[in-house]
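Shown next: protein.cif, given as mmCIF, C-alpha atoms.
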```
data_final
loop_
_atom_site.label_atom_id
_atom_site.label_comp_id
_atom_site.auth_asym_id
_atom_site.auth_seq_id
_atom_site.Cartn_x
_atom_site.Cartn_y
_atom_site.Cartn_z
CA MET V 1 -9.13 -9.21 -12.89
CA PRO V 2 -6.90 -6.29 -13.92
CA PHE V 3 -4.01 -7.83 -11.98
CA ALA V 4 -3.89 -10.62 -14.56
CA ARG V 5 -2.08 -8.08 -16.73
CA LEU V 6 0.74 -7.97 -14.19
CA ALA V 7 0.97 -11.75 -13.99
CA THR V 8 2.07 -11.91 -17.63
CA ALA V 9 4.27 -8.81 -17.59
CA THR V 10 7.83 -9.33 -18.75
CA THR V 11 9.40 -6.57 -16.67
CA PRO V 12 10.29 -7.49 -13.07
CA THR V 13 9.30 -4.01 -11.92
CA ALA V 14 5.67 -4.70 -12.91
CA HIS V 15 5.37 -6.51 -9.58
CA ILE V 16 6.47 -3.42 -7.67
CA GLY V 17 3.69 -0.88 -7.24
CA LEU V 18 3.81 2.77 -6.24
CA GLY V 19 1.92 3.74 -3.08
CA LEU V 20 1.01 7.41 -2.72
CA ALA V 21 0.64 7.61 1.08
CA ALA V 22 3.89 9.55 1.47
CA VAL V 23 3.27 12.20 -1.19
CA GLY V 24 -0.49 12.73 -1.33
CA ARG V 25 -0.45 14.84 1.85
CA PRO V 26 2.17 16.90 3.70
CA GLY V 27 2.34 14.71 6.83
CA TYR V 28 2.98 10.98 7.24
CA ILE V 29 4.80 8.64 9.64
CA ASN V 30 7.75 7.62 7.46
CA LEU V 31 11.16 8.42 8.91
CA HIS V 32 13.25 11.37 7.67
CA ARG V 33 10.55 13.14 5.70
CA ASP V 34 12.39 16.39 6.39
CA ARG V 35 15.16 15.10 4.10
CA ASP V 36 12.84 13.59 1.50
CA LEU V 37 10.38 16.38 0.83
CA PRO V 38 10.82 20.03 -0.13
CA ALA V 39 10.49 22.72 2.52
CA ASP V 40 7.42 23.88 0.62
CA ARG V 41 4.79 21.19 1.12
CA GLY V 42 1.97 23.18 -0.39
CA VAL V 43 -0.55 21.49 -2.65
CA GLY V 44 1.28 22.55 -5.79
CA ALA V 45 4.63 21.24 -4.59
CA MET V 46 3.19 17.88 -3.51
CA ARG V 47 1.27 17.55 -6.76
CA ALA V 48 4.50 18.16 -8.68
CA ARG V 49 6.39 15.58 -6.57
CA THR V 50 3.63 13.00 -7.11
CA HIS V 51 3.67 13.56 -10.86
CA GLU V 52 7.47 13.32 -10.92
CA LEU V 53 7.28 9.95 -9.18
CA LEU V 54 4.52 8.71 -11.47
CA ASP V 55 6.56 9.72 -14.53
CA ALA V 56 9.60 7.84 -13.26
CA ALA V 57 7.63 4.81 -12.11
CA TYR V 58 5.80 4.39 -15.40
CA ALA V 59 8.99 4.84 -17.43
CA GLN V 60 10.62 2.05 -15.41
CA GLY V 61 7.81 -0.47 -15.78
CA VAL V 62 5.67 0.09 -12.68
CA ARG V 63 2.06 -0.62 -13.55
CA TYR V 64 0.14 -0.54 -10.25
CA VAL V 65 -0.57 2.67 -8.32
CA ASP V 66 -2.19 2.66 -4.88
CA ALA V 67 -4.07 5.66 -3.43
CA ALA V 68 -6.70 6.22 -0.73
CA ARG V 69 -9.34 8.73 0.28
CA SER V 70 -7.30 9.48 3.42
CA TYR V 71 -4.04 10.12 1.54
CA GLY V 72 -4.83 13.81 1.27
CA ARG V 73 -5.16 14.65 -2.42
CA SER V 74 -3.59 11.45 -3.76
CA GLU V 75 -6.60 10.53 -5.89
CA GLU V 76 -6.74 14.06 -7.30
CA PHE V 77 -3.02 14.09 -8.11
CA LEU V 78 -3.26 10.66 -9.73
CA ALA V 79 -6.35 11.63 -11.73
CA ASP V 80 -4.57 14.72 -13.06
CA TRP V 81 -1.59 12.61 -14.12
CA LEU V 82 -3.77 10.01 -15.84
CA THR V 83 -5.58 12.75 -17.76
CA ALA V 84 -2.26 14.17 -18.91
CA HIS V 85 -1.01 10.70 -19.92
CA PRO V 86 -3.72 8.95 -21.95
CA GLU V 87 -1.06 6.58 -23.25
CA ALA V 88 -0.78 5.08 -19.75
CA ASP V 89 -3.89 2.99 -20.27
CA ASP V 90 -2.20 -0.12 -18.87
CA ILE V 91 -1.89 1.33 -15.35
CA VAL V 92 -3.87 -0.62 -12.75
CA VAL V 93 -5.38 1.85 -10.29
CA GLY V 94 -6.32 0.97 -6.73
CA SER V 95 -7.74 3.17 -4.01
CA LYS V 96 -9.17 2.69 -0.54
CA TRP V 97 -12.10 3.94 1.50
CA GLY V 98 -12.82 3.82 5.22
CA TYR V 99 -10.64 6.64 6.54
CA THR V 100 -11.46 10.32 6.13
CA TYR V 101 -8.58 12.78 5.84
CA THR V 102 -9.00 15.40 8.57
CA ALA V 103 -5.64 17.21 8.77
CA ASP V 104 -6.64 20.12 6.51
CA TRP V 105 -3.17 20.00 4.89
CA SER V 106 -1.38 20.52 8.21
CA ILE V 107 1.45 18.45 9.66
CA GLU V 108 0.55 19.53 13.19
CA ALA V 109 -3.08 18.38 13.06
CA GLU V 110 -4.37 16.64 16.19
CA ALA V 111 -5.97 13.91 14.06
CA HIS V 112 -4.84 13.22 10.50
CA GLU V 113 -7.53 10.67 9.63
CA VAL V 114 -10.71 9.24 11.13
CA LYS V 115 -11.75 5.62 10.58
CA ASP V 116 -15.31 4.51 9.82
CA HIS V 117 -16.23 1.35 7.95
CA GLY V 118 -19.96 2.04 7.91
CA LEU V 119 -22.17 1.95 4.83
CA ALA V 120 -22.72 5.72 4.86
CA THR V 121 -18.97 6.34 4.70
CA PHE V 122 -18.64 3.88 1.82
CA LEU V 123 -21.39 5.58 -0.17
CA ARG V 124 -19.93 9.05 0.41
CA GLN V 125 -16.36 8.12 -0.34
CA ARG V 126 -17.30 5.96 -3.33
CA ALA V 127 -18.95 9.03 -4.87
CA GLU V 128 -15.88 11.14 -4.09
CA THR V 129 -13.53 8.58 -5.67
CA ASP V 130 -15.77 8.19 -8.70
CA ALA V 131 -15.78 11.96 -9.27
CA LEU V 132 -11.98 11.91 -9.50
CA LEU V 133 -11.01 8.55 -10.99
CA GLY V 134 -14.19 7.51 -12.80
CA ASP V 135 -13.75 4.44 -14.96
CA ARG V 136 -9.98 4.40 -14.35
CA LEU V 137 -10.55 2.80 -10.93
CA ASP V 138 -9.77 -0.92 -11.04
CA LEU V 139 -9.74 -1.81 -7.34
CA TYR V 140 -11.53 -0.35 -4.30
CA GLN V 141 -10.32 -1.61 -0.92
CA ILE V 142 -11.65 -1.26 2.60
CA HIS V 143 -8.89 0.57 4.44
CA SER V 144 -7.16 -1.05 7.45
CA VAL V 145 -9.60 -3.78 8.38
CA THR V 146 -9.10 -5.46 11.74
CA ALA V 147 -10.76 -8.65 12.93
CA ASP V 148 -13.41 -6.68 14.84
CA SER V 149 -14.30 -4.36 11.96
CA PRO V 150 -18.02 -4.14 11.17
CA ALA V 151 -17.01 -4.30 7.50
CA LEU V 152 -16.56 -8.05 7.92
CA THR V 153 -20.14 -8.65 9.11
CA ASP V 154 -22.27 -5.88 7.55
CA LYS V 155 -24.43 -7.71 5.01
CA GLU V 156 -25.85 -4.52 3.52
CA LEU V 157 -22.35 -3.21 2.94
CA HIS V 158 -21.37 -6.54 1.38
CA ALA V 159 -24.31 -6.29 -1.01
CA ARG V 160 -23.25 -2.80 -2.09
CA LEU V 161 -19.68 -3.94 -2.57
CA ALA V 162 -20.90 -6.86 -4.65
CA GLU V 163 -22.80 -4.40 -6.84
CA LEU V 164 -19.56 -2.49 -7.34
CA ALA V 165 -17.83 -5.73 -8.32
CA ALA V 166 -20.59 -6.45 -10.82
CA GLU V 167 -19.81 -3.08 -12.41
CA GLY V 168 -16.25 -4.24 -13.01
CA VAL V 169 -14.41 -2.72 -10.05
CA GLY V 170 -12.48 -5.25 -7.98
CA VAL V 171 -13.28 -5.33 -4.27
CA GLY V 172 -10.48 -5.81 -1.75
CA LEU V 173 -9.35 -4.90 1.73
CA SER V 174 -6.21 -3.83 3.51
CA THR V 175 -5.35 -4.96 7.03
CA SER V 176 -3.37 -3.57 9.93
CA GLY V 177 -2.49 -4.37 13.53
CA PRO V 178 -1.01 -7.37 15.31
CA ALA V 179 -3.95 -9.64 14.39
CA GLN V 180 -3.78 -9.18 10.62
CA ALA V 181 -3.97 -12.93 10.10
CA ASP V 182 -7.34 -13.10 11.89
CA ALA V 183 -8.74 -10.32 9.71
CA ILE V 184 -7.50 -11.97 6.52
CA ARG V 185 -9.01 -15.33 7.41
CA ALA V 186 -12.32 -13.69 8.36
CA ALA V 187 -12.35 -11.87 5.03
CA LEU V 188 -11.81 -15.12 3.13
CA ALA V 189 -15.07 -16.39 4.63
CA VAL V 190 -17.16 -13.43 3.42
CA THR V 191 -19.46 -14.35 0.54
CA VAL V 192 -22.36 -12.78 -1.33
CA ASP V 193 -24.78 -15.18 -3.02
CA GLY V 194 -22.31 -17.97 -2.42
CA GLU V 195 -19.40 -16.18 -4.13
CA PRO V 196 -16.30 -14.79 -2.37
CA LEU V 197 -16.54 -11.01 -2.06
CA PHE V 198 -12.89 -10.02 -1.82
CA ARG V 199 -10.50 -10.50 -4.71
CA THR V 200 -7.43 -8.79 -3.22
CA VAL V 201 -5.87 -8.37 0.20
CA GLN V 202 -3.26 -5.76 1.11
CA ALA V 203 -1.26 -6.34 4.27
CA THR V 204 1.84 -5.20 6.11
CA TYR V 205 4.65 -7.71 5.78
CA ASN V 206 8.37 -7.08 6.14
CA ALA V 207 11.51 -8.50 7.72
CA LEU V 208 10.38 -7.19 11.12
CA GLU V 209 6.70 -8.18 10.91
CA THR V 210 6.00 -11.58 9.31
CA SER V 211 2.99 -12.70 11.34
CA ALA V 212 0.52 -12.49 8.42
CA GLY V 213 2.58 -14.75 6.18
CA ALA V 214 0.62 -17.98 6.57
CA ALA V 215 -2.73 -16.20 6.16
CA LEU V 216 -1.48 -14.43 3.04
CA ALA V 217 -0.43 -17.78 1.60
CA GLU V 218 -3.97 -19.02 2.27
CA ALA V 219 -5.39 -15.95 0.54
CA ARG V 220 -3.22 -16.56 -2.50
CA ALA V 221 -4.26 -20.22 -2.56
CA ALA V 222 -7.89 -19.07 -2.50
CA GLY V 223 -7.28 -17.01 -5.65
CA LEU V 224 -6.78 -13.54 -4.17
CA THR V 225 -4.06 -11.19 -5.35
CA VAL V 226 -1.82 -10.27 -2.42
CA ILE V 227 -0.53 -6.70 -2.22
CA VAL V 228 2.15 -5.96 0.37
CA LYS V 229 2.52 -2.55 1.99
CA GLU V 230 5.15 -1.17 4.36
CA ALA V 231 7.84 -3.54 3.14
CA MET V 232 10.40 -1.12 4.56
CA ALA V 233 8.58 -0.69 7.89
CA ASN V 234 8.04 3.06 7.42
CA GLY V 235 11.76 3.57 6.85
CA ARG V 236 13.10 1.32 9.60
CA LEU V 237 14.59 -1.05 7.00
CA ALA V 238 16.10 1.57 4.70
CA GLY V 239 19.21 3.71 4.63
CA THR V 240 21.10 4.27 7.84
CA GLU V 241 18.09 3.12 9.85
CA ALA V 242 18.40 -0.42 8.46
CA PRO V 243 19.68 -3.10 10.86
CA ALA V 244 23.27 -4.18 10.36
CA VAL V 245 22.35 -7.48 8.71
CA VAL V 246 20.28 -5.68 6.08
CA GLN V 247 23.12 -3.27 5.39
CA GLU V 248 25.58 -6.18 5.13
CA ILE V 249 23.44 -8.05 2.61
CA ALA V 250 22.94 -4.82 0.70
CA ALA V 251 26.70 -4.18 0.60
CA ASP V 252 27.31 -7.71 -0.70
CA ALA V 253 24.75 -7.09 -3.45
CA GLY V 254 26.06 -3.61 -4.23
CA LEU V 255 22.61 -2.16 -3.59
CA GLY V 256 20.73 -0.31 -0.87
CA GLY V 257 18.98 -1.70 2.18
CA ASP V 258 15.66 -0.65 0.68
CA ALA V 259 16.20 -3.02 -2.25
CA VAL V 260 17.00 -5.85 0.18
CA ALA V 261 13.84 -5.15 2.22
CA LEU V 262 11.65 -5.18 -0.88
CA ALA V 263 13.42 -8.24 -2.30
CA PHE V 264 12.71 -10.14 0.91
CA VAL V 265 8.99 -9.65 0.30
CA LEU V 266 9.18 -10.34 -3.45
CA HIS V 267 10.83 -13.64 -2.51
CA GLN V 268 7.63 -14.82 -0.81
CA PRO V 269 5.78 -17.13 -3.24
CA TRP V 270 2.40 -15.59 -2.43
CA ALA V 271 3.42 -11.96 -3.04
CA GLY V 272 1.67 -10.50 -6.07
CA VAL V 273 2.51 -6.80 -5.87
CA VAL V 274 4.87 -5.14 -3.39
CA LEU V 275 4.45 -1.41 -2.86
CA SER V 276 7.19 1.16 -2.93
CA GLY V 277 6.33 4.11 -0.74
CA ALA V 278 9.06 6.27 -2.26
CA ALA V 279 8.94 10.01 -1.71
CA THR V 280 11.79 10.83 -4.12
CA VAL V 281 12.78 9.62 -7.57
CA GLY V 282 16.09 8.49 -6.11
CA GLN V 283 14.34 6.32 -3.54
CA LEU V 284 12.15 4.85 -6.25
CA ALA V 285 15.18 3.99 -8.37
CA GLY V 286 16.75 2.22 -5.41
CA ASN V 287 13.53 0.33 -4.66
CA LEU V 288 13.29 -0.87 -8.26
CA HIS V 289 16.64 -2.66 -7.93
CA ALA V 290 14.95 -5.19 -5.62
CA PRO V 291 14.55 -7.89 -8.32
CA LEU V 292 18.35 -7.98 -8.60
CA VAL V 293 18.80 -9.26 -5.04
CA ASP V 294 19.20 -13.02 -4.70
CA PHE V 295 18.08 -14.73 -1.51
CA ASP V 296 19.52 -18.04 -0.41
CA GLU V 297 18.80 -19.94 2.77
CA GLU V 298 21.75 -18.37 4.56
CA ARG V 299 20.56 -14.83 3.91
CA LEU V 300 17.00 -15.69 4.87
CA ALA V 301 18.20 -17.25 8.12
CA ARG V 302 20.15 -14.09 8.95
CA LEU V 303 17.03 -11.98 8.45
CA ASP V 304 14.96 -14.31 10.64
CA ALA V 305 16.72 -12.84 13.65
CA LEU V 306 15.08 -9.46 12.97
CA VAL V 307 11.49 -10.60 13.44
CA GLU V 308 9.67 -8.82 16.26
CA GLU V 309 6.61 -9.88 18.19
CA PRO V 310 3.59 -8.39 16.38
CA GLU V 311 2.40 -6.45 19.42
CA ALA V 312 5.83 -4.86 19.84
CA TYR V 313 6.08 -4.00 16.14
CA TRP V 314 2.68 -2.32 16.00
CA ARG V 315 3.25 -0.53 19.29
CA HIS V 316 6.43 0.95 17.82
CA ARG V 317 4.63 1.91 14.62
CA ALA V 318 1.86 3.62 16.58
CA GLY V 319 4.49 5.77 18.29
CA LEU V 320 6.03 7.10 15.06
CA PRO V 321 5.43 10.86 14.74
CA TRP V 322 3.66 12.49 11.84
CA SER V 323 6.18 14.70 10.11
#
```

As structure tokens, the full file:
Amino acid sequence: MPFARLATATTPTAHIGLGLAAVGRPGYINLHRDRDLPADRGVGAMRARTHELLDAAYAQGVRYVDAARSYGRSEEFLADWLTAHPEADDIVVGSKWGYTYTADWSIEAEAHEVKDHGLATFLRQRAETDALLGDRLDLYQIHSVTADSPALTDKELHARLAELAAEGVGVGLSTSGPAQADAIRAALAVTVDGEPLFRTVQATYNALETSAGAALAEARAAGLTVIVKEAMANGRLAGTEAPAVVQEIAADAGLGGDAVALAFVLHQPWAGVVLSGAATVGQLAGNLHAPLVDFDEERLARLDALVEEPEAYWRHRAGLPWS
């Protein structure tokens, strides 16, 4: 698996990846995007911002980049950067299929993405990803699987995914919603010809939403690489939005709340790669200080008080505006 390269990396930042959800399209649900992005969110401006982040991330030891078909032009921006940087042959590239981007580069779109985990969508989006990333793609994930997703039971889809794995592309899934643990455990049971299909799982886990923790530990014990997204809860755990306890720990460490939020996830023994969703180089630099934060039992106990019921957390997330 390509992620084996990260397991032996000597730089702590190798275990922090860069997710392109916030910069591959003009609209997303992170807080304070009006402060983070230029007034001009045209394709050229967002391409330039993505490349600026990729330059900074690579220079500071980041070696995993995460895109998706629904992240606007994220695959295109990443492909352009990879072409311009042939020396970056140690980058591990992941993307996702299952959502179609429908906003037509507008922040005010009625629907920004449409979900479909059917075989036809996989075949179409696989061809689209291949046209952009070609043999640079290391991992292809089913996007936002829930326990009732047909992707967990569609045998024909599983066979096609197994064919992709046989070609050398890792097969994974991401999860979302209050029942992430159920989806993860169902995915662990999916096999093709007696062999497990999924080699990675990407899930939301942060100081507010910890409900998938036990299932992620089971996934790691089963040999899967665990990728964590939304470690800062779409901005709720960063900057002035961070709860007082996060800001206090950050002040003690001389760092930002974003570093504390990421460090909390890195502290989990099952966490393989934790994604930064930075939209600016400054945010990325702050995120990459996460390995400097020490967690003892007292600090962990203080953060325990922040945990929300999963239904409440995901209800709040669903209400965040696209901006």

Residues selected by the PyMOL selection byres ((chain V and resi 126) around 12), written as a ChimeraX atom specification: /V:68-69,75,95-100,119-125,127-134,137,139-142,160-161,164,169

Shell of 7 Å around stretch 43-47 of chain V, only C-alpha atoms, local chain residues under 5 positions omitted, as a PDB file with C-alpha atoms, in the frame of the given file:
```
ATOM      1  CA  VAL V  23       3.270  12.200  -1.190  1.00  0.00           C
ATOM      2  CA  GLY V  24      -0.490  12.730  -1.330  1.00  0.00           C
ATOM      3  CA  PHE V  77      -3.020  14.090  -8.110  1.00  0.00           C
TER       4      PHE V  77
END
```

Expected selection from the PyMOL selection byres ((chain V and resi 17) around 10), given as a list of chain:residue names: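 Against this file, the PyMOL selection byres ((chain V and resi 17) around 10) returns the residues V:Thr13, V:Ala14, V:His15, V:Ile16, V:Leu18, V:Gly19, V:Leu20, V:Ala57, V:Tyr58, V:Gly61, V:Val62, V:Arg63, V:Tyr64, V:Val65, V:Asp66, V:Val92, V:Val93, V:Ile227, V:Val228, V:Lys229, V:Gly272, V:Val273, V:Val274, V:Leu275, V:Ser276, V:Gly277, V:Leu288.
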
One-decimal distance in Å that lies between atom CA of V:Arg49 and atom CA of V:Glu110: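 Between atom CA of V:Glu110 and atom CA of V:Arg49 the gap works out to 25.2 Å.
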
Pick from V:Asp296, V:Glu52, V:Asp89, V:Glu230 nearest to V:Thr175, counting all atoms listed in the file: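 Checking each of V:Asp296, V:Glu52, V:Asp89, V:Glu230 against V:Thr175, counting all atoms listed in the file, the winner is V:Glu230.
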
Selection under test: the PyMOL selection byres ((chain V and resi 195) around 12); residues as an mmCIF file with C-alpha atoms, in the frame of the given file:
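Output saved as selection.cif:
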```cif
data_model
loop_
_atom_site.group_PDB
_atom_site.id
_atom_site.type_symbol
_atom_site.label_atom_id
_atom_site.label_comp_id
_atom_site.auth_asym_id
_atom_site.auth_seq_id
_atom_site.Cartn_x
_atom_site.Cartn_y
_atom_site.Cartn_z
ATOM 1 C CA HIS V 158 -21.370 -6.540 1.380
ATOM 2 C CA ALA V 159 -24.310 -6.290 -1.010
ATOM 3 C CA ALA V 162 -20.900 -6.860 -4.650
ATOM 4 C CA ALA V 165 -17.830 -5.730 -8.320
ATOM 5 C CA ALA V 166 -20.590 -6.450 -10.820
ATOM 6 C CA LEU V 188 -11.810 -15.120 3.130
ATOM 7 C CA ALA V 189 -15.070 -16.390 4.630
ATOM 8 C CA VAL V 190 -17.160 -13.430 3.420
ATOM 9 C CA THR V 191 -19.460 -14.350 0.540
ATOM 10 C CA VAL V 192 -22.360 -12.780 -1.330
ATOM 11 C CA ASP V 193 -24.780 -15.180 -3.020
ATOM 12 C CA GLY V 194 -22.310 -17.970 -2.420
ATOM 13 C CA PRO V 196 -16.300 -14.790 -2.370
ATOM 14 C CA LEU V 197 -16.540 -11.010 -2.060
ATOM 15 C CA PHE V 198 -12.890 -10.020 -1.820
ATOM 16 C CA ARG V 199 -10.500 -10.500 -4.710
ATOM 17 C CA ALA V 222 -7.890 -19.070 -2.500
#
```

Test item: residues at most 7 Å from V:Leu173, only C-alpha atoms, excluding those fewer than 6 positions along its chain, as a VMD selection string: chain V and resid 141 to 143 145 200 to 202

Selection: 8 Å around stretch 243-255 of chain V, all atoms listed in the file, excl. self and same-chain fewer than 5 positions, as a ChimeraX atom specification: /V:237,260-261,286,289,293,299,302-303

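In this model, the gap between atom CA of V:Val226 and atom CA of V:Ala271 comes to 5.5 Å.
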
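With all atoms listed in the file as the basis for measurement, V:Trp314 is the residue among V:Trp105, V:Trp314, V:Trp322, V:Tyr28 that approaches V:Glu209 most closely.
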
Straight-line distance linking atom CA of V:Ala79 with atom CA of V:Ser174, stated in Å to one decimal: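 Atom-to-atom, atom CA of V:Ala79 to atom CA of V:Ser174, that is 21.7 Å.
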
Residue among V:Asp154, V:Asp90, V:Asp116, V:Glu108 lying closest to V:Asp138, counting all atoms listed in the file: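 Closest to V:Asp138, using all atoms listed in the file: V:Asp90.
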
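Look at V:Gln268: the protein and nucleic acid residues within 12 Å of it, using only C-alpha atoms and passing over chain neighbours fewer than 6 places away, are Tyr205, Asn206, Ala207, Thr210, Ala212, Gly213, Ala214, Leu216, Ala217, Arg220, Val226, Ile227, Val228, Ala231, Ala261, Leu262, Val274, Phe295 and Leu300 of chain V.
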
Polymer residues at most 9 Å from V:Ala279, all atoms listed in the file, same-chain spacing of 5 or more positions, as a ChimeraX atom specification: /V:20,22-23,33,36-37,49-50,53,284

Since the input has fewer atoms than a full residue there, write stretch 224-235 of chain V out with N, CA and C atoms, as a compact mmCIF listing (two decimals), keeping the file's coordinate frame.
```
# COMPACT_ATOMS: atom_id res chain seq x y z
N LEU V 224 -6.89 -14.98 -4.34
CA LEU V 224 -6.78 -13.54 -4.17
C LEU V 224 -5.39 -13.05 -4.61
N THR V 225 -5.33 -11.84 -5.12
CA THR V 225 -4.06 -11.19 -5.35
C THR V 225 -3.60 -10.56 -4.04
N VAL V 226 -2.37 -10.81 -3.66
CA VAL V 226 -1.82 -10.27 -2.42
C VAL V 226 -0.96 -9.05 -2.74
N ILE V 227 -1.30 -7.94 -2.11
CA ILE V 227 -0.53 -6.70 -2.22
C ILE V 227 0.14 -6.46 -0.87
N VAL V 228 1.42 -6.17 -0.89
CA VAL V 228 2.15 -5.96 0.37
C VAL V 228 2.51 -4.49 0.51
N LYS V 229 2.18 -3.94 1.67
CA LYS V 229 2.52 -2.55 1.99
C LYS V 229 3.56 -2.54 3.11
N GLU V 230 4.20 -1.40 3.26
CA GLU V 230 5.15 -1.17 4.36
C GLU V 230 6.27 -2.21 4.39
N ALA V 231 6.76 -2.56 3.22
CA ALA V 231 7.84 -3.54 3.14
C ALA V 231 9.12 -3.02 3.78
N MET V 232 9.23 -1.70 3.90
CA MET V 232 10.40 -1.12 4.56
C MET V 232 10.09 -0.61 5.95
N ALA V 233 8.94 -1.02 6.50
CA ALA V 233 8.58 -0.69 7.89
C ALA V 233 8.66 0.82 8.15
N ASN V 234 8.07 1.60 7.26
CA ASN V 234 8.04 3.06 7.42
C ASN V 234 9.43 3.67 7.55
N GLY V 235 10.40 3.06 6.86
CA GLY V 235 11.76 3.57 6.85
C GLY V 235 12.72 2.87 7.79
```
